[in-house]
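Peer 1: Okay, handing you the structure first.
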Amino acid sequence: MKKKTLLFGGLLIAGGATVAVRSKIAAERKTMFDAQRWHVITVNRPASEIAGTADLPAPLLSLGEMIEIEIRPAPGDKGTEIAARLIAIEADEDPKTALRKLRKALRDTQWLIETGEVLSPDKPPSTRTTLTSLPIEIATRRAKGEGRL
Amino acid sequence: MKALCWTGINELAVDRVPDPQILNDQDMIIKVRLSSVCGSDLHQISGYIPAMRSGDVIGHEFMGEVVEIGPDVTKHSIGDRVVVCSVIACGRCWYCENDLFSACENGNTNPAITEMMWGQHPAGLFGYSHAMGGFKGSHAEYVRIPYADYIAFTIPDEVDDQTALFASDSAPTGWMGADLGGVKEGDVVAVWGCGAVGQMAARAAMLLGADRVIAIDRFEYRLDMMEREIGAEVLNYEKDDIQAELRERSGGRGPDVCIEAVGLEAHTPGLHYRYEQLKQQTRVLQTDRPHALREAILACRKGGTVFNLGVFVGLIDKFPMGALMNKGLTLRAAQQHGERYIPMLLERMASGELKTAHLMTHPMSLDDGPEGYDLFKNKKDNCVRAVFQP
């Protein structure tokens with residue numbers, strides 16, 4: 001009986017470890033795919049107003065050689081598509097961090113082109129940190145760098 | 001300043017919070033004169049909106065007086081009396097230019113949370129959780145108004161504060177249901193919910209030419225108000241057979257347009273309600289209770305339209321997709337595109353065509369905020385709307 005319990009426990013731990021490792025590998029693979037794919041925004045301006053990368057605001061330009069940019073008219077008079085992807089991540093940089101920088105730069109670019117400024121969240125905050133609010137705090141801190149952009 | 005804060009599930013407190021500041025050049029600050037409770041606040045208070053933090057200032061239906069303006073605000077001056085749309089929209093993105101203000105690209109400072117939940121992010125909302133931007137709400141002495149030229153509207157002199165207040169949210173939400181539901185001359189329209197939004201939807205349907213408007217609720221005082229103030233026919237779902245009554249009153253066809261103004265905490269008689277509530281409490285089997293939406297889909301005539309105005313946040317169980325598909329229905333929904341309607345609604349209020357002041361059944365001090373929500377949530381003292389005067 002004791003042997004069976006030990007065997008079952010061992011199998012459970014081994015199975016759990018396998019699932020954890022496979023999940024981690026899958027997550028890392030997804031990050032790599034996401035880091036390599038084009039991330040695109042559509043801004044409500046005619047393509048004639050954004051002829052080249054020189055017309056883009058600072059947040060995207062500041063990423064310099066790290067990214068490749070494509071600009072094209074959006075179909076159906078929906079404005080201009082600005083696509084960017086990471087092409088050179090510095091050796092010591094985590095791809096996830098680089099991806100967050102790109103997403104944030106794209107979001108800020110849309111704000112600047114369409115409204116002239118980046119909308120600030122309300123501050124100072126009136127909220128208190130509680131155990132249950134921690135996931136929301138983390139999500140809020142990373143809000144512009146995460147998501148499905 | 002003083003503000004009414006959410007401090008935990010079913011817990012509210014009047015607290016001191018930092019004064020708002022001009023943070024963007026297009027911001028302004030208003031001194032709140034009136035701020036109303038709303039049925040959708042109850043979902044936050046009860047813990048059905050997952051992105052709340054202790055200390056969040058709630059409230060999103062309000063009007064007040066401009067006290068400070070940013071350098072890029074051109075349409076408002078200090079001292080102006082304004083009503084502010086609950087939806088924070090930039091007015092310049094593709095969605096705003098196409099009158100889909102609650103889908104604004106630039107109103108939500110926390111876009112990732114809703115992108116993960118819903119695929120894309122909607123606009124920001126005042127006092128409506130960190131998923132909608134985490135903006136402080138209007139149950140406070142002062143509020144920061146982003147994109148002030150686009151979301152705040154000067155109130156005509158002929159419109160008093162109590163009337164103008166409801167141009168912030170209830171009236172445009174109700175109007176949107178009738179307008180985007182496609183109500184036209186001769187239609188039979190059914191409205192689920194006789195709160196402020198339901199009443200406004202019924203009135204909008206009448207003004208758009210509906211032949212009959214039938215409203216459904218279970219509280220007699222709300223049904224009485226709907227009948228008396230709006231002039232709609234009423235049905236009590238605890239006493240009447242809603243499906244049979246609606247067929248009988250629409251020549252056997254069913255209503256042309258069905259407007260759901262209830263949302264995720266809908267009630268229904270019998271044990272079925274307990275079963276639905278139990279599933280909702282798990283937050284896994286379903287997060288929202290869709291009784292009114294199901295009823296609307298079942299009642300609607302073939303080829304008709306169902307418009308969902310009530311707030312839903314997540315997943316529902318047993319959605320009647322078979323009825324929707326086989327009857328060829330159109331299902332539409334949205335958070336309100338208020339900026340599209342508010343100027344027109346203020347004109348209608350000024351002409352006396354749209355009356356709203358009766359909705360404010362309980363004017364109260366902001367200090368009585370928790371009591372106001374208790375009256376409102378538990379339907380005490382015939383409360384339709386508690387309105388705070390900071």
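By order of appearance in the structure tokens: chains A, B, ..., then residues from 1 within every chain, and ligands from 1 in the order shown.
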Contacts from chain A to chain B, 7 Å maximum, only C-alpha atoms: show me the residue list as a VMD selection string.

Peer 2: chain A and resid 44 78 111 114 to 115 119 to 122 124 126 to 128 133 136 139 to 140 143 to 144 146 to 148

Peer 1: Could you find all residues in chain A that DSSP calls helix (DSSP H, G or I) from the backbone, and write them as number ranges by chain?

Peer 2: A: 2-36, 47-49, 53-55, 58-61, 64-66, 75-77, 95-115, 131-141

Peer 1: Could you check the closest approach to Asp367 in chain B for each of B:Val82, B:Met321, B:Ala140, B:Ile259 and tell me which residue wins, using only C-alpha atoms?

Peer 2: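 Smallest distance to Asp367 in chain B is found for B:Ala140.
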
Peer 1: Need the shell around range 60-69 of chain A: protein/DNA/RNA residues with any atom at most 12 Å away, counting only C-alpha atoms. Skip same-chain ones fewer than 6 positions apart. Format as a ChimeraX atom specification?

Peer 2: /A:35-41,52-54,81-91,93,95,98-110,112-113

Peer 1: Store the residues of this selection in a file with N, CA and C atoms, as a tab-separated table (two decimals), in the first residue's frame.

Peer 2:
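The result, stored in again32.tsv:
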```tsv
chain	number	residue	atom	x	y	z
A	35	ALA	N	7.38	38.37	-30.43
A	35	ALA	CA	8.46	39.33	-30.61
A	35	ALA	C	8.80	39.49	-32.09
A	36	GLN	N	8.63	38.42	-32.85
A	36	GLN	CA	9.00	38.48	-34.26
A	36	GLN	C	7.87	38.99	-35.17
A	37	ARG	N	6.62	38.89	-34.69
A	37	ARG	CA	5.52	39.25	-35.60
A	37	ARG	C	5.37	40.77	-35.73
A	38	TRP	N	4.65	41.18	-36.77
A	38	TRP	CA	4.34	42.61	-36.94
A	38	TRP	C	3.27	43.02	-35.93
A	39	HIS	N	3.47	44.13	-35.30
A	39	HIS	CA	2.45	44.71	-34.41
A	39	HIS	C	1.95	45.98	-35.10
A	40	VAL	N	0.62	46.10	-35.21
A	40	VAL	CA	0.08	47.13	-36.11
A	40	VAL	C	-0.96	47.99	-35.41
A	41	ILE	N	-0.89	49.29	-35.67
A	41	ILE	CA	-1.98	50.20	-35.26
A	41	ILE	C	-2.53	50.86	-36.53
A	52	GLY	N	6.50	59.08	-44.32
A	52	GLY	CA	7.66	58.23	-43.99
A	52	GLY	C	7.88	58.18	-42.50
A	53	THR	N	8.88	57.41	-42.11
A	53	THR	CA	9.13	57.24	-40.67
A	53	THR	C	9.50	58.56	-40.00
A	54	ALA	N	10.04	59.50	-40.79
A	54	ALA	CA	10.43	60.79	-40.20
A	54	ALA	C	9.22	61.54	-39.66
A	81	GLU	N	-2.12	52.57	-41.67
A	81	GLU	CA	-1.61	51.48	-40.84
A	81	GLU	C	-0.12	51.70	-40.59
A	82	ILE	N	0.25	51.62	-39.33
A	82	ILE	CA	1.68	51.70	-38.97
A	82	ILE	C	2.04	50.37	-38.34
A	83	ALA	N	2.92	49.65	-39.01
A	83	ALA	CA	3.32	48.32	-38.53
A	83	ALA	C	4.78	48.37	-38.08
A	84	ALA	N	5.07	47.68	-37.01
A	84	ALA	CA	6.47	47.65	-36.53
A	84	ALA	C	6.76	46.26	-35.98
A	85	ARG	N	8.02	45.85	-36.14
A	85	ARG	CA	8.42	44.58	-35.52
A	85	ARG	C	9.86	44.68	-35.04
A	86	LEU	N	10.15	43.87	-34.06
A	86	LEU	CA	11.50	43.86	-33.50
A	86	LEU	C	12.41	43.12	-34.46
A	87	ILE	N	13.56	43.73	-34.77
A	87	ILE	CA	14.51	43.01	-35.63
A	87	ILE	C	15.86	42.81	-34.94
A	88	ALA	N	16.10	43.59	-33.92
A	88	ALA	CA	17.39	43.44	-33.22
A	88	ALA	C	17.19	43.67	-31.74
A	89	ILE	N	17.14	42.60	-31.00
A	89	ILE	CA	17.01	42.71	-29.54
A	89	ILE	C	18.41	42.62	-28.95
A	90	GLU	N	18.71	43.55	-28.08
A	90	GLU	CA	20.05	43.53	-27.48
A	90	GLU	C	20.25	42.24	-26.70
A	91	ALA	N	21.50	41.78	-26.70
A	91	ALA	CA	21.82	40.46	-26.14
A	91	ALA	C	21.34	40.31	-24.69
A	93	GLU	N	18.87	41.84	-23.32
A	93	GLU	CA	17.47	42.22	-23.10
A	93	GLU	C	16.53	41.02	-23.26
A	95	PRO	N	13.31	39.27	-24.44
A	95	PRO	CA	12.39	39.56	-25.56
A	95	PRO	C	11.05	40.12	-25.09
A	98	ALA	N	11.45	43.79	-24.47
A	98	ALA	CA	11.55	44.51	-25.75
A	98	ALA	C	10.18	44.64	-26.39
A	99	LEU	N	9.40	43.57	-26.30
A	99	LEU	CA	8.05	43.57	-26.87
A	99	LEU	C	7.16	44.59	-26.15
A	100	ARG	N	7.29	44.66	-24.85
A	100	ARG	CA	6.50	45.64	-24.09
A	100	ARG	C	6.83	47.06	-24.53
A	101	LYS	N	8.14	47.31	-24.74
A	101	LYS	CA	8.56	48.65	-25.18
A	101	LYS	C	7.91	48.99	-26.52
A	102	LEU	N	7.88	48.00	-27.42
A	102	LEU	CA	7.32	48.23	-28.75
A	102	LEU	C	5.81	48.50	-28.66
A	103	ARG	N	5.12	47.68	-27.89
A	103	ARG	CA	3.67	47.87	-27.77
A	103	ARG	C	3.36	49.25	-27.18
A	104	LYS	N	4.10	49.64	-26.15
A	104	LYS	CA	3.87	50.93	-25.51
A	104	LYS	C	4.15	52.07	-26.51
A	105	ALA	N	5.23	51.91	-27.27
A	105	ALA	CA	5.57	52.95	-28.25
A	105	ALA	C	4.48	53.08	-29.30
A	106	LEU	N	3.92	51.96	-29.74
A	106	LEU	CA	2.84	52.02	-30.74
A	106	LEU	C	1.60	52.69	-30.16
A	107	ARG	N	1.24	52.31	-28.93
A	107	ARG	CA	0.05	52.93	-28.32
A	107	ARG	C	0.26	54.44	-28.15
A	108	ASP	N	1.44	54.83	-27.67
A	108	ASP	CA	1.70	56.26	-27.48
A	108	ASP	C	1.70	56.99	-28.83
A	109	THR	N	2.19	56.32	-29.86
A	109	THR	CA	2.21	56.92	-31.21
A	109	THR	C	0.78	57.22	-31.66
A	110	GLN	N	-0.13	56.28	-31.44
A	110	GLN	CA	-1.52	56.50	-31.85
A	110	GLN	C	-2.10	57.69	-31.09
A	112	LEU	N	-0.52	60.22	-29.79
A	112	LEU	CA	0.09	61.49	-30.21
A	112	LEU	C	-0.41	61.91	-31.58
A	113	ILE	N	-0.52	60.97	-32.51
A	113	ILE	CA	-0.96	61.34	-33.86
A	113	ILE	C	-2.43	61.77	-33.84
```

Peer 1: Can you list every residue in range 97-235 of chain B that DSSP puts in strand (DSSP E or B), as a PyMOL selection string?

Peer 2: chain B and resi 124-126+135+140+142-145+152-154+188-192+212-217+233-235

Peer 1: Name all residues at most 7 Å from Ala202 in chain B (count only C-alpha atoms; drop same-chain ones fewer than 2 positions away) and give them as a count of residues only.

Peer 2: 9

Peer 1: Show me, as a PyMOL selection string, the residues that have an atom within 9 Å of Val234 in chain B when counting only C-alpha atoms, minus same-chain residues fewer than 2 positions from it.

Peer 2: chain B and resi 213-217+223-224+226-227+232+236

Peer 1: As an exercise, work out the distance from CA of Arg301 in chain B to CA of Val183 in chain B in Å and give it to one decimal place.

Peer 2: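 Those two atoms sit 13.4 Å apart.
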
Peer 1: From the options B:Arg289, B:Val384, B:Pro269, B:Ile155, which residue's atoms come nearest to Cys194 in chain B, counting only C-alpha atoms?

Peer 2: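 The closest residue to Cys194 in chain B is B:Val384.
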
Peer 1: Take CA of Met364 in chain B and CA of Met28 in chain B and report the distance between them in Å, one decimal.

Peer 2: 25.7 Å
